[in-house]
$ cat my_file31.txt   # compact mmCIF, C-alpha atoms
# COMPACT_ATOMS: atom_id res chain seq x y z
CA MET U 1125 147.57 65.82 103.27
CA ARG U 1126 145.68 62.65 103.88
CA VAL U 1127 141.97 62.35 103.20
CA THR U 1128 140.31 59.48 105.04
CA PHE U 1129 136.83 58.22 104.18
CA ALA U 1130 135.98 56.61 107.51
CA ARG U 1131 132.79 54.80 106.63
CA SER U 1132 134.14 53.18 103.48
CA GLY U 1133 137.50 52.51 105.04
CA ARG U 1134 139.54 54.19 102.30
CA SER U 1135 142.12 56.92 102.38
CA ALA U 1136 144.32 58.70 99.87
CA ASP U 1137 146.70 61.64 99.57
CA TRP U 1138 144.88 64.83 98.53
CA SER U 1139 145.71 65.80 94.98
CA PRO U 1140 146.00 69.58 94.65
CA ASP U 1141 144.47 69.61 91.16
CA ALA U 1142 141.18 68.12 92.41
CA TYR U 1143 138.39 70.72 92.09
CA SER U 1144 136.72 69.82 95.38
CA LEU U 1145 136.51 67.16 98.06
CA LEU U 1146 133.42 65.88 96.22
CA GLU U 1147 135.37 65.37 92.99
CA PHE U 1148 138.23 63.84 94.92
CA ALA U 1149 135.89 61.38 96.65
CA GLU U 1150 134.38 60.45 93.28
CA ALA U 1151 137.88 59.93 91.85
CA GLN U 1152 138.49 57.48 94.70
CA GLY U 1153 135.45 55.48 93.59
CA LEU U 1154 133.02 56.86 96.17
CA ASN U 1155 129.56 58.02 95.20
CA PRO U 1156 128.37 60.66 97.69
CA ALA U 1157 124.93 62.25 97.18
CA PHE U 1158 125.00 65.65 95.45
CA SER U 1159 122.75 67.98 93.51
CA CYS U 1160 123.95 71.53 92.80
CA ARG U 1161 127.75 71.20 93.11
CA ALA U 1162 127.77 74.92 93.84
CA GLY U 1163 127.38 75.24 97.62
CA ILE U 1164 123.68 75.99 97.73
CA CYS U 1165 121.64 72.80 98.16
CA SER U 1166 123.49 71.13 101.07
CA THR U 1167 122.85 67.67 99.60
CA CYS U 1168 126.54 66.74 99.97
CA LYS U 1169 126.77 67.85 103.61
CA THR U 1170 129.00 65.36 105.40
CA LYS U 1171 130.21 64.86 108.95
CA LEU U 1172 133.76 66.14 109.30
CA VAL U 1173 135.13 63.75 111.92
CA ALA U 1174 138.56 65.39 112.09
CA GLY U 1175 140.56 68.10 110.38
CA GLU U 1176 139.73 71.35 108.66
CA VAL U 1177 138.49 72.40 105.23
CA SER U 1178 138.31 75.77 103.44
CA TYR U 1179 135.58 76.92 101.07
CA PHE U 1180 136.18 78.37 97.63
CA GLU U 1181 132.44 78.98 97.32
CA GLU U 1182 130.54 80.24 100.35
CA PRO U 1183 127.91 77.68 101.45
CA LEU U 1184 124.39 79.13 101.31
CA GLU U 1185 123.34 77.40 104.53
CA GLU U 1186 125.40 77.99 107.63
CA LEU U 1187 127.29 74.87 108.68
CA GLN U 1188 127.62 73.57 112.22
CA ASP U 1189 130.97 72.61 113.70
CA GLY U 1190 131.91 69.18 112.49
CA GLU U 1191 130.09 69.53 109.15
CA ALA U 1192 131.51 70.04 105.67
CA LEU U 1193 130.04 70.67 102.24
CA LEU U 1194 132.09 68.52 99.90
CA CYS U 1195 131.22 70.24 96.60
CA CYS U 1196 132.78 73.60 97.41
CA SER U 1197 135.63 72.83 99.80
CA LYS U 1198 139.21 71.57 99.92
CA PRO U 1199 141.14 70.23 102.91
CA VAL U 1200 143.65 72.44 104.70
CA THR U 1201 144.80 69.68 107.09
CA ASP U 1202 144.47 65.92 107.13
CA VAL U 1203 140.74 65.26 107.21
CA VAL U 1204 138.50 62.37 108.19
CA LEU U 1205 135.08 62.34 106.51
CA ASP U 1206 132.14 60.17 107.53
CA ILE U 1207 131.50 58.67 104.12
CA MET B 1415 107.75 88.55 103.65
CA PHE B 1416 108.19 91.93 102.00
CA LEU B 1417 110.83 94.62 102.18
CA LYS B 1418 108.95 97.83 103.00
CA ASP B 1419 111.74 100.38 102.68
CA SER B 1420 111.77 100.50 98.89
CA TRP B 1421 110.19 102.33 95.97
CA TYR B 1422 107.75 100.04 94.17
CA VAL B 1423 105.78 100.69 91.01
CA ALA B 1424 102.13 101.21 91.93
CA ALA B 1425 100.76 101.81 88.43
CA PHE B 1426 101.49 103.45 85.12
CA SER B 1427 101.15 107.22 85.44
CA HIS B 1428 98.11 107.35 83.15
CA GLU B 1429 96.27 104.92 85.43
CA VAL B 1430 96.33 107.39 88.32
CA THR B 1431 93.77 110.13 87.67
CA ARG B 1432 91.30 112.46 89.33
CA SER B 1433 89.21 109.40 90.20
CA LEU B 1434 89.76 107.35 93.36
CA ARG B 1435 91.30 104.02 92.51
CA PRO B 1436 91.97 101.13 94.92
CA PHE B 1437 95.18 99.09 94.79
CA LYS B 1438 96.67 96.33 96.85
CA LEU B 1439 100.41 96.91 97.11
CA VAL B 1440 102.93 94.95 99.14
CA GLY B 1441 100.13 93.48 101.25
CA GLU B 1442 98.43 96.85 101.98
CA LYS B 1443 95.29 98.45 100.61
CA VAL B 1444 96.03 101.87 99.14
CA VAL B 1445 93.88 104.45 97.35
CA LEU B 1446 95.58 106.50 94.64
CA TYR B 1447 94.44 109.72 92.97
CA ARG B 1448 95.82 113.03 91.75
CA ARG B 1449 95.51 116.50 93.23
CA GLU B 1450 94.07 119.25 91.06
CA ASP B 1451 97.66 120.24 90.21
CA GLY B 1452 98.37 116.69 88.99
CA THR B 1453 100.56 115.52 91.89
CA PRO B 1454 99.83 111.89 92.84
CA VAL B 1455 98.52 111.05 96.31
CA ALA B 1456 98.47 107.67 98.09
CA LEU B 1457 96.51 107.03 101.27
CA GLU B 1458 95.61 103.99 103.34
CA ASP B 1459 92.38 102.76 101.80
CA ALA B 1460 90.35 102.43 105.00
CA CYS B 1461 88.42 105.06 106.93
CA PRO B 1462 89.46 104.83 110.61
CA HIS B 1463 85.80 104.80 111.65
CA ARG B 1464 84.43 101.52 110.24
CA LYS B 1465 87.22 100.78 107.77
CA LEU B 1466 85.15 101.37 104.66
CA PRO B 1467 87.61 101.76 101.77
CA LEU B 1468 88.03 105.48 101.13
CA SER B 1469 88.17 104.58 97.44
CA MET B 1470 84.39 104.04 97.76
CA GLY B 1471 84.02 107.69 98.77
CA ARG B 1472 84.32 110.95 96.83
CA LEU B 1473 87.11 113.27 95.81
CA LYS B 1474 86.37 116.83 97.04
CA GLY B 1475 89.03 119.12 95.61
CA ASP B 1476 92.24 117.53 96.89
CA GLN B 1477 90.55 115.79 99.83
CA ILE B 1478 88.76 112.46 100.18
CA GLU B 1479 85.32 112.24 101.74
CA CYS B 1480 84.34 108.84 103.13
CA GLY B 1481 81.25 107.38 101.48
CA TYR B 1482 79.76 106.20 104.81
CA HIS B 1483 79.63 109.22 107.20
CA GLY B 1484 81.52 111.96 105.40
CA LEU B 1485 84.78 111.91 107.36
CA THR B 1486 87.18 113.93 105.23
CA PHE B 1487 90.95 113.51 104.89
CA ASP B 1488 93.59 115.71 103.33
CA CYS B 1489 96.50 114.51 101.15
CA GLY B 1490 98.60 113.86 104.23
CA GLY B 1491 95.92 111.57 105.70
CA VAL B 1492 94.90 114.09 108.37
CA CYS B 1493 91.17 114.15 109.14
CA THR B 1494 89.77 117.64 108.54
CA ARG B 1495 86.07 117.02 109.14
CA VAL B 1496 83.88 114.64 111.15
CA PRO B 1497 80.26 115.65 110.46
CA GLY B 1498 78.22 115.78 113.70
CA ALA B 1499 81.24 115.83 116.02
CA GLU B 1500 82.15 118.93 118.02
CA LYS B 1501 85.84 118.41 117.43
CA VAL B 1502 87.90 116.27 115.06
CA PRO B 1503 89.58 113.53 117.16
CA HIS B 1504 93.38 113.51 117.01
CA VAL B 1505 93.31 109.78 116.38
CA ALA B 1506 91.25 110.19 113.20
CA LYS B 1507 93.90 109.80 110.51
CA VAL B 1508 94.97 107.46 107.76
CA ARG B 1509 98.45 106.58 106.68
CA SER B 1510 99.86 108.51 103.73
CA TYR B 1511 102.58 107.13 101.47
CA PRO B 1512 105.29 109.02 99.58
CA VAL B 1513 104.58 108.82 95.82
CA LEU B 1514 106.10 110.29 92.68
CA ASP B 1515 105.92 110.03 88.89
CA ARG B 1516 109.01 108.76 87.07
CA TYR B 1517 109.56 106.92 83.77
CA GLY B 1518 105.83 107.02 83.05
CA MET B 1519 105.05 105.19 86.27
CA VAL B 1520 103.86 106.10 89.74
CA TRP B 1521 106.32 104.91 92.40
CA ILE B 1522 105.29 104.40 96.01
CA TRP B 1523 107.43 104.10 99.15
CA MET B 1524 105.89 101.46 101.41
CA GLY B 1525 108.21 101.84 104.40
CA GLU B 1526 109.47 104.45 106.83
CA LYS B 1527 108.63 107.84 105.31
CA THR B 1528 111.84 109.55 106.39
CA GLN B 1529 113.80 107.06 104.28
CA ALA B 1530 111.86 107.86 101.08
CA ASP B 1531 114.65 109.47 99.07
CA PRO B 1532 113.59 110.04 95.41
CA GLU B 1533 117.22 109.33 94.45
CA LYS B 1534 116.64 105.71 95.43
CA VAL B 1535 114.14 105.10 92.59
CA PHE B 1536 115.62 102.54 90.20
CA ALA B 1537 117.79 104.43 87.67
CA VAL B 1538 116.93 103.86 84.00
CA GLU B 1539 119.92 104.49 81.77
CA HIS B 1540 119.47 106.20 78.39
CA TRP B 1541 115.91 107.32 79.32
CA ASP B 1542 116.53 110.76 77.79
CA ASP B 1543 119.14 109.62 75.27
CA PRO B 1544 117.94 110.82 71.81
CA ALA B 1545 119.68 107.85 70.13
CA TRP B 1546 117.68 105.30 72.09
CA GLY B 1547 114.12 104.12 71.55
CA ARG B 1548 111.75 102.71 74.12
CA THR B 1549 108.48 100.85 74.38
CA THR B 1550 105.69 102.46 76.36
CA GLY B 1551 105.51 99.58 78.81
CA ASP B 1552 103.03 96.98 79.87
CA SER B 1553 102.08 94.95 82.91
CA MET B 1554 100.33 91.79 84.04
CA GLN B 1555 99.35 90.05 87.26
CA VAL B 1556 101.10 86.77 87.91
CA ALA B 1557 99.59 84.40 90.48
CA CYS B 1558 102.83 83.58 92.29
CA ASP B 1559 105.16 84.79 95.00
CA TYR B 1560 107.25 87.67 93.61
CA ARG B 1561 110.37 85.67 94.41
CA TYR B 1562 109.52 83.13 91.73
CA VAL B 1563 109.68 86.06 89.31
CA THR B 1564 113.04 87.22 90.69
CA ASP B 1565 114.24 83.59 90.38
CA ASN B 1566 113.19 83.68 86.74
CA LEU B 1567 114.99 86.97 86.09
CA LEU B 1568 118.23 85.61 87.58
CA ASP B 1569 118.06 82.56 85.36
CA PRO B 1570 119.29 83.10 81.78
CA SER B 1571 119.09 79.38 81.09
CA HIS B 1572 115.28 79.14 81.12
CA VAL B 1573 115.00 80.92 77.76
CA ALA B 1574 116.14 77.71 76.03
CA TRP B 1575 112.99 75.90 77.14
CA VAL B 1576 110.39 78.55 77.98
CA HIS B 1577 111.02 80.96 75.09
CA GLN B 1578 111.98 78.73 72.16
CA SER B 1579 110.18 80.87 69.59
CA SER B 1580 111.56 84.21 70.82
CA PHE B 1581 114.55 84.74 73.14
CA GLY B 1582 115.97 81.22 73.10
CA SER B 1583 118.36 79.34 70.82
CA ALA B 1584 120.22 76.02 71.06
CA ALA B 1585 123.28 77.74 72.56
CA CYS B 1586 121.20 78.79 75.57
CA GLU B 1587 121.01 75.19 76.76
CA ASP B 1588 124.53 74.44 77.90
CA THR B 1589 126.69 77.56 78.20
CA PRO B 1590 127.50 77.94 81.92
CA VAL B 1591 126.50 81.13 83.77
CA GLU B 1592 128.51 83.26 86.18
CA THR B 1593 127.00 84.56 89.40
CA GLU B 1594 128.18 87.75 91.07
CA MET B 1595 126.93 89.25 94.32
CA LEU B 1596 126.54 93.04 94.00
CA PRO B 1597 126.10 95.51 96.87
CA ASN B 1598 122.45 96.05 95.85
CA GLY B 1599 121.57 92.77 94.16
CA VAL B 1600 122.79 89.80 92.16
CA LEU B 1601 124.08 89.52 88.59
CA VAL B 1602 123.99 86.29 86.58
CA SER B 1603 125.52 86.50 83.12
CA ARG B 1604 127.19 84.64 80.29
CA TRP B 1605 128.68 85.21 76.85
CA MET B 1606 127.64 82.73 74.18
CA ARG B 1607 130.19 82.70 71.34
CA ASP B 1608 129.61 82.27 67.63
CA VAL B 1609 126.00 81.19 68.01
CA GLU B 1610 122.84 81.45 65.99
CA VAL B 1611 120.73 84.57 66.60
CA ALA B 1612 117.52 83.80 68.51
CA PRO B 1613 114.30 84.49 66.54
CA PHE B 1614 113.11 87.61 68.42
CA TYR B 1615 116.30 89.57 67.70
CA LYS B 1616 116.97 88.52 64.11
CA PRO B 1617 114.92 91.19 62.26
CA PHE B 1618 116.62 94.02 64.18
CA LEU B 1619 120.31 93.19 63.80
CA LYS B 1620 122.50 95.34 61.55
CA PHE B 1621 124.76 92.36 60.77
CA SER B 1622 124.10 88.93 59.35
CA GLY B 1623 125.46 85.52 60.29
CA ASN B 1624 126.30 84.23 63.74
CA CYS B 1625 126.69 86.41 66.78
CA ASP B 1626 128.39 86.65 70.14
CA ARG B 1627 125.56 87.14 72.60
CA LYS B 1628 125.65 88.29 76.20
CA GLN B 1629 122.83 87.74 78.64
CA HIS B 1630 123.10 90.08 81.64
CA TYR B 1631 120.45 89.23 84.24
CA GLU B 1632 120.61 91.61 87.16
CA VAL B 1633 118.04 91.84 89.94
CA ARG B 1634 118.31 94.50 92.63
CA PHE B 1635 116.67 94.24 96.04
CA PRO B 1636 113.85 93.77 96.59
CA SER B 1637 112.46 92.93 93.12
CA HIS B 1638 113.63 95.16 90.29
CA ALA B 1639 115.51 93.78 87.31
CA ILE B 1640 117.50 94.99 84.35
CA ILE B 1641 117.97 92.34 81.71
CA ARG B 1642 120.51 93.43 79.12
CA ALA B 1643 120.82 91.71 75.77
CA ILE B 1644 124.00 92.35 73.77
CA PHE B 1645 124.47 91.03 70.22
CA VAL B 1646 127.64 91.65 68.22
CA PRO B 1647 129.08 89.91 65.12
CA ALA B 1648 130.67 86.56 66.01
CA GLY B 1649 134.23 86.93 67.24
CA THR B 1650 133.90 90.55 68.38
CA GLY B 1651 132.25 90.12 71.80
CA GLY B 1652 133.76 90.19 75.29
CA ASP B 1653 133.68 92.25 78.47
CA ASP B 1654 137.24 93.37 77.77
CA LYS B 1655 136.45 94.59 74.24
CA PRO B 1656 134.80 97.79 73.03
CA LEU B 1657 131.30 97.27 71.64
CA HIS B 1658 131.24 96.64 67.88
CA PRO B 1659 129.68 99.58 65.94
CA ASP B 1660 126.84 97.29 64.78
CA VAL B 1661 125.98 96.24 68.33
CA PHE B 1662 122.36 95.54 69.20
CA LEU B 1663 121.54 96.53 72.77
CA MET B 1664 118.25 95.96 74.50
CA ASP B 1665 117.77 96.84 78.17
CA SER B 1666 114.63 95.28 79.53
CA TYR B 1667 113.42 96.85 82.78
CA ASN B 1668 111.26 94.61 84.95
CA PHE B 1669 109.65 95.92 88.13
CA MET B 1670 107.78 93.49 90.36
CA THR B 1671 105.38 94.77 92.97
CA PRO B 1672 104.11 92.11 95.36
CA VAL B 1673 100.34 92.35 95.73
CA ASP B 1674 100.17 89.68 98.41
CA GLU B 1675 102.17 86.55 99.28
CA LYS B 1676 101.05 84.78 96.12
CA THR B 1677 100.25 87.52 93.62
CA THR B 1678 102.71 89.76 91.80
CA HIS B 1679 102.06 92.80 89.63
CA TYR B 1680 104.74 92.67 86.95
CA PHE B 1681 105.58 95.94 85.10
CA TRP B 1682 108.07 96.28 82.27
CA PHE B 1683 109.38 98.34 79.36
CA GLN B 1684 112.33 98.00 76.99
CA MET B 1685 115.04 100.45 75.92
CA ARG B 1686 117.00 99.88 72.66
CA ASN B 1687 120.01 101.53 71.04
CA PHE B 1688 118.29 102.15 67.68
CA ALA B 1689 115.07 103.41 66.08
CA PRO B 1690 114.48 106.18 68.67
CA ASN B 1691 111.20 107.14 67.03
CA GLY B 1692 110.40 103.77 65.52
CA GLU B 1693 106.81 103.22 66.45
CA ALA B 1694 106.61 100.08 64.32
CA VAL B 1695 109.65 98.65 66.12
CA SER B 1696 108.12 99.55 69.48
CA ALA B 1697 104.88 97.84 68.51
CA ILE B 1698 106.66 94.62 67.50
CA PHE B 1699 108.77 94.69 70.68
CA ALA B 1700 105.71 95.26 72.85
CA LYS B 1701 103.77 92.43 71.25
CA SER B 1702 106.63 89.90 71.26
CA VAL B 1703 107.73 90.71 74.79
CA ARG B 1704 104.20 90.36 76.14
CA ALA B 1705 103.84 87.00 74.36
CA ALA B 1706 107.13 85.82 75.88
CA PHE B 1707 106.21 87.04 79.36
CA LEU B 1708 102.90 85.17 79.11
CA GLU B 1709 105.07 82.04 78.65
CA ASP B 1710 106.82 82.94 81.94
CA LYS B 1711 103.47 83.60 83.62
CA SER B 1712 102.12 80.18 82.69
CA VAL B 1713 105.28 78.45 83.98
CA LEU B 1714 105.60 80.50 87.19
CA GLU B 1715 101.95 80.10 88.19
CA ALA B 1716 102.25 76.35 87.72
CA VAL B 1717 105.53 76.34 89.70
CA GLN B 1718 103.77 78.08 92.60
CA ILE B 1719 101.06 75.40 92.59
CA GLY B 1720 103.62 72.62 92.17
CA MET B 1721 105.80 73.84 95.03
CA ASP B 1722 102.78 74.41 97.30
CA ASN B 1723 101.56 70.88 96.75
CA LYS B 1724 104.76 68.89 96.38
CA LEU B 1725 104.64 65.30 97.63
CA THR B 1726 108.34 64.64 97.08
CA PRO B 1727 111.31 66.93 97.73
CA ASN B 1728 112.40 69.43 95.05
CA LEU B 1729 116.00 69.79 93.89
CA ASP B 1730 118.27 72.80 93.84
CA LEU B 1731 120.73 72.86 90.97
CA LYS B 1732 123.83 74.81 90.04
CA ILE B 1733 121.70 77.26 87.99
CA ASP B 1734 119.85 78.17 91.21
CA ALA B 1735 122.94 79.71 92.82
CA GLY B 1736 122.05 83.28 91.77
CA PRO B 1737 118.34 83.08 92.64
CA LEU B 1738 118.95 81.38 95.99
CA ARG B 1739 121.74 83.72 97.04
CA PHE B 1740 119.44 86.63 96.11
CA ARG B 1741 116.64 85.18 98.25
CA ARG B 1742 118.98 84.61 101.16
CA ARG B 1743 120.25 88.20 101.20
CA LEU B 1744 116.75 89.62 100.75
CA ALA B 1745 115.46 87.52 103.66
CA ALA B 1746 118.26 88.92 105.83
CA MET B 1747 117.36 92.49 104.79
CA ILE B 1748 113.69 91.89 105.61
CA ALA B 1749 114.56 90.34 108.97
CA GLN B 1750 116.76 93.32 109.78
CA GLU B 1751 114.05 95.80 108.77
CA GLN B 1752 111.49 94.01 110.96
CA ARG B 1753 113.86 94.06 113.96
CA LEU B 1754 114.57 97.79 113.71
CA PRO B 1755 111.35 99.23 115.21
CA GLN B 1756 111.76 97.02 118.29
CA ALA B 1757 115.38 98.01 118.62
CA ALA B 1758 114.33 101.67 118.68
CA GLU B 1759 111.92 101.14 121.58

$ encode --input "my_file31.txt" --output "structure tokens"
Amino acid sequence: MRVTFARSGRSADWSPDAYSLLEFAEAQGLNPAFSCRAGICSTCKTKLVAGEVSYFEEPLEELQDGEALLCCSKPVTDVVLDI
Amino acid sequence: MFLKDSWYVAAFSHEVTRSLRPFKLVGEKVVLYRREDGTPVALEDACPHRKLPLSMGRLKGDQIECGYHGLTFDCGGVCTRVPGAEKVPHVAKVRSYPVLDRYGMVWIWMGEKTQADPEKVFAVEHWDDPAWGRTTGDSMQVACDYRYVTDNLLDPSHVAWVHQSSFGSAACEDTPVETEMLPNGVLVSRWMRDVEVAPFYKPFLKFSGNCDRKQHYEVRFPSHAIIRAIFVPAGTGGDDKPLHPDVFLMDSYNFMTPVDEKTTHYFWFQMRNFAPNGEAVSAIFAKSVRAAFLEDKSVLEAVQIGMDNKLTPNLDLKIDAGPLRFRRRLAAMIAQEQRLPQAAE
């Protein structure tokens, strides 16, 4: 699975041992805004340009289509994120 | 925003007597008294004529007489006398609330009367257990939204900074907590392994040296908490292990009754698995717990002011997961309760 960071022009293959998309992005040298890292504060909410993610922690705030919380999700398809 | 369909603590049982006493509970003015046979009564504290509080009137047998024009109401809130009128108007009535005595406290049901099942009063374990001791209980008003108190009681980590001289120890700073959604509330807990015993507990432990300590912070909707403290000798603790024979157990019961949006009446007592008749132990517990809760009061009142007047955004952190998930579910329950009467129309 390919994770593409559209705004920074980077992409990498998803590594299954990454805890979350947030950690994965950080491992790729990105620095997205975060606070709780537990699905409750929505600080890391990011536009999901393409693809699908699944949540291992239910986000406190309901997300709209095309949005993803990076701290508590993993990709299930190739994804394109607007960071 | 209050949940009405719930039993709340109105007062300690000894505070409700044969005198009329006014209370503000869950945003409503209520007068409490006892019948001649000792049964508690709770009525809306406003005469339907000119809304003078009935608590300013007189108790006549089991009935209340208004102190303005003598309108008289029975324990069910039905008007039985309007001096000077030929007939008592059907519309002359005040609301009555289900009330009962349990655990040394008077509980009141603020919602739909038909839902007031006495079985739904918060269950206190070991209340009649001859091996367990208990403190008589205490209360205080806290000038904050009751949800700041439920936040506090779903937050084991705060003891490291708020209660350094009592419940806290260095281990309380960094051990991560686990959050679990329960059908009737939220549980936040953690085991701290091989750690120093915090000052409050030290004199009461049957073992010496380090301990394994569990903090079990459970709040049930809308605002009732059981905070369990478990101390066992280091190396013997764990949810999968039987409790060590020298275990120290303290169950702290915390019942919050919202007075209004920014005032909370906070009631509590503690159960312990030793010294069933230990009055000296009870006295030390009562004094130390009150001192610790005054530390919470000072923080929570300042938090209310800080949050009301913030000029920059506040943060939510990982430790807020339990409190915020609790608030979210409670808000949904309140919204559902407020929709129901319309749905029935």

$ closest_residue --input "my_file31.txt" --among "U:Gln1152, U:Ser1166, U:Ser1144, U:Thr1201" --to "Phe1180 in chain U" --atoms "all atoms listed in the file"
U:Ser1144

$ residues_around --input "my_file31.txt" --residues "Ala1157 in chain U" --least-positions-apart "2" --cutoff "12 Å" --atoms "all atoms listed in the file" --output "list of chain:residue names"
U:Leu1146, U:Glu1147, U:Ala1149, U:Glu1150, U:Leu1154, U:Asn1155, U:Ser1159, U:Cys1160, U:Arg1161, U:Cys1165, U:Ser1166, U:Thr1167, U:Cys1168, U:Lys1169, U:Thr1170, U:Leu1193, U:Leu1194, U:Cys1195, U:Ile1207

$ residues_around --input "my_file31.txt" --residues "Arg1604 in chain B" --least-positions-apart "5" --cutoff "7 Å" --atoms "all atoms listed in the file" --output "number ranges by chain"
B: 1590-1592, 1628-1630

$ atom_distance --input "my_file31.txt" --atom1 "CA of Met1415 in chain B" --atom2 "CA of Leu1754 in chain B"
15.3 Å

$ interface_residues --input "my_file31.txt" --of "chain B" --to "chain U" --cutoff "12 Å" --atoms "all atoms listed in the file" --output "number ranges by chain"
B: 1591-1595, 1727-1743

$ write_last_selection --input "my_file31.txt" --atoms "C-alpha atoms" --output "compact mmCIF listing (two decimals), in the frame of the given file"
# COMPACT_ATOMS: atom_id res chain seq x y z
CA VAL B 1591 126.50 81.13 83.77
CA GLU B 1592 128.51 83.26 86.18
CA THR B 1593 127.00 84.56 89.40
CA GLU B 1594 128.18 87.75 91.07
CA MET B 1595 126.93 89.25 94.32
CA PRO B 1727 111.31 66.93 97.73
CA ASN B 1728 112.40 69.43 95.05
CA LEU B 1729 116.00 69.79 93.89
CA ASP B 1730 118.27 72.80 93.84
CA LEU B 1731 120.73 72.86 90.97
CA LYS B 1732 123.83 74.81 90.04
CA ILE B 1733 121.70 77.26 87.99
CA ASP B 1734 119.85 78.17 91.21
CA ALA B 1735 122.94 79.71 92.82
CA GLY B 1736 122.05 83.28 91.77
CA PRO B 1737 118.34 83.08 92.64
CA LEU B 1738 118.95 81.38 95.99
CA ARG B 1739 121.74 83.72 97.04
CA PHE B 1740 119.44 86.63 96.11
CA ARG B 1741 116.64 85.18 98.25
CA ARG B 1742 118.98 84.61 101.16
CA ARG B 1743 120.25 88.20 101.20

$ residues_around --input "my_file31.txt" --residues "Asp1137 in chain U" --least-positions-apart "4" --cutoff "12 Å" --atoms "all atoms listed in the file" --output "ChimeraX atom specification"
/U:1125-1129,1141-1142,1145,1148-1149,1151-1152,1199,1201-1204

$ atom_distance --input "my_file31.txt" --atom1 "CA of Asp1569 in chain B" --atom2 "CA of Ala1612 in chain B"
16.9 Å

$ atom_distance --input "my_file31.txt" --atom1 "CA of Leu1457 in chain B" --atom2 "CA of Val1444 in chain B"
5.6 Å

$ decode --input "my_file31.txt" --residues "range 1690-1703 of chain B" --atoms "N, CA and C atoms" --output "mmCIF file, in the first residue's frame"
data_model
loop_
_atom_site.group_PDB
_atom_site.id
_atom_site.type_symbol
_atom_site.label_atom_id
_atom_site.label_comp_id
_atom_site.auth_asym_id
_atom_site.auth_seq_id
_atom_site.Cartn_x
_atom_site.Cartn_y
_atom_site.Cartn_z
ATOM 1 N N PRO B 1690 -13.355 -2.329 60.993
ATOM 2 C CA PRO B 1690 -14.788 -2.051 60.818
ATOM 3 C C PRO B 1690 -15.345 -1.081 61.859
ATOM 4 N N ASN B 1691 -14.805 -1.144 63.074
ATOM 5 C CA ASN B 1691 -15.314 -0.237 64.104
ATOM 6 C C ASN B 1691 -14.279 0.805 64.510
ATOM 7 N N GLY B 1692 -13.292 1.000 63.641
ATOM 8 C CA GLY B 1692 -12.186 1.889 63.989
ATOM 9 C C GLY B 1692 -12.539 3.356 63.851
ATOM 10 N N GLU B 1693 -13.015 3.916 64.937
ATOM 11 C CA GLU B 1693 -13.428 5.320 64.865
ATOM 12 C C GLU B 1693 -12.243 6.246 64.627
ATOM 13 N N ALA B 1694 -11.084 5.870 65.215
ATOM 14 C CA ALA B 1694 -9.897 6.703 65.014
ATOM 15 C C ALA B 1694 -9.495 6.684 63.541
ATOM 16 N N VAL B 1695 -9.546 5.484 62.930
ATOM 17 C CA VAL B 1695 -9.222 5.369 61.502
ATOM 18 C C VAL B 1695 -10.201 6.214 60.679
ATOM 19 N N SER B 1696 -11.482 6.091 61.002
ATOM 20 C CA SER B 1696 -12.491 6.867 60.273
ATOM 21 C C SER B 1696 -12.218 8.358 60.380
ATOM 22 N N ALA B 1697 -11.826 8.783 61.580
ATOM 23 C CA ALA B 1697 -11.578 10.215 61.793
ATOM 24 C C ALA B 1697 -10.392 10.698 60.955
ATOM 25 N N ILE B 1698 -9.338 9.882 60.905
ATOM 26 C CA ILE B 1698 -8.162 10.266 60.094
ATOM 27 C C ILE B 1698 -8.536 10.297 58.603
ATOM 28 N N PHE B 1699 -9.256 9.248 58.167
ATOM 29 C CA PHE B 1699 -9.705 9.199 56.767
ATOM 30 C C PHE B 1699 -10.512 10.455 56.439
ATOM 31 N N ALA B 1700 -11.485 10.763 57.303
ATOM 32 C CA ALA B 1700 -12.399 11.865 57.011
ATOM 33 C C ALA B 1700 -11.626 13.172 56.879
ATOM 34 N N LYS B 1701 -10.684 13.374 57.793
ATOM 35 C CA LYS B 1701 -9.922 14.613 57.799
ATOM 36 C C LYS B 1701 -9.008 14.712 56.570
ATOM 37 N N SER B 1702 -8.295 13.615 56.272
ATOM 38 C CA SER B 1702 -7.353 13.627 55.145
ATOM 39 C C SER B 1702 -8.083 13.753 53.814
ATOM 40 N N VAL B 1703 -9.196 13.031 53.694
ATOM 41 C CA VAL B 1703 -9.931 13.064 52.430
ATOM 42 C C VAL B 1703 -10.489 14.470 52.192
#
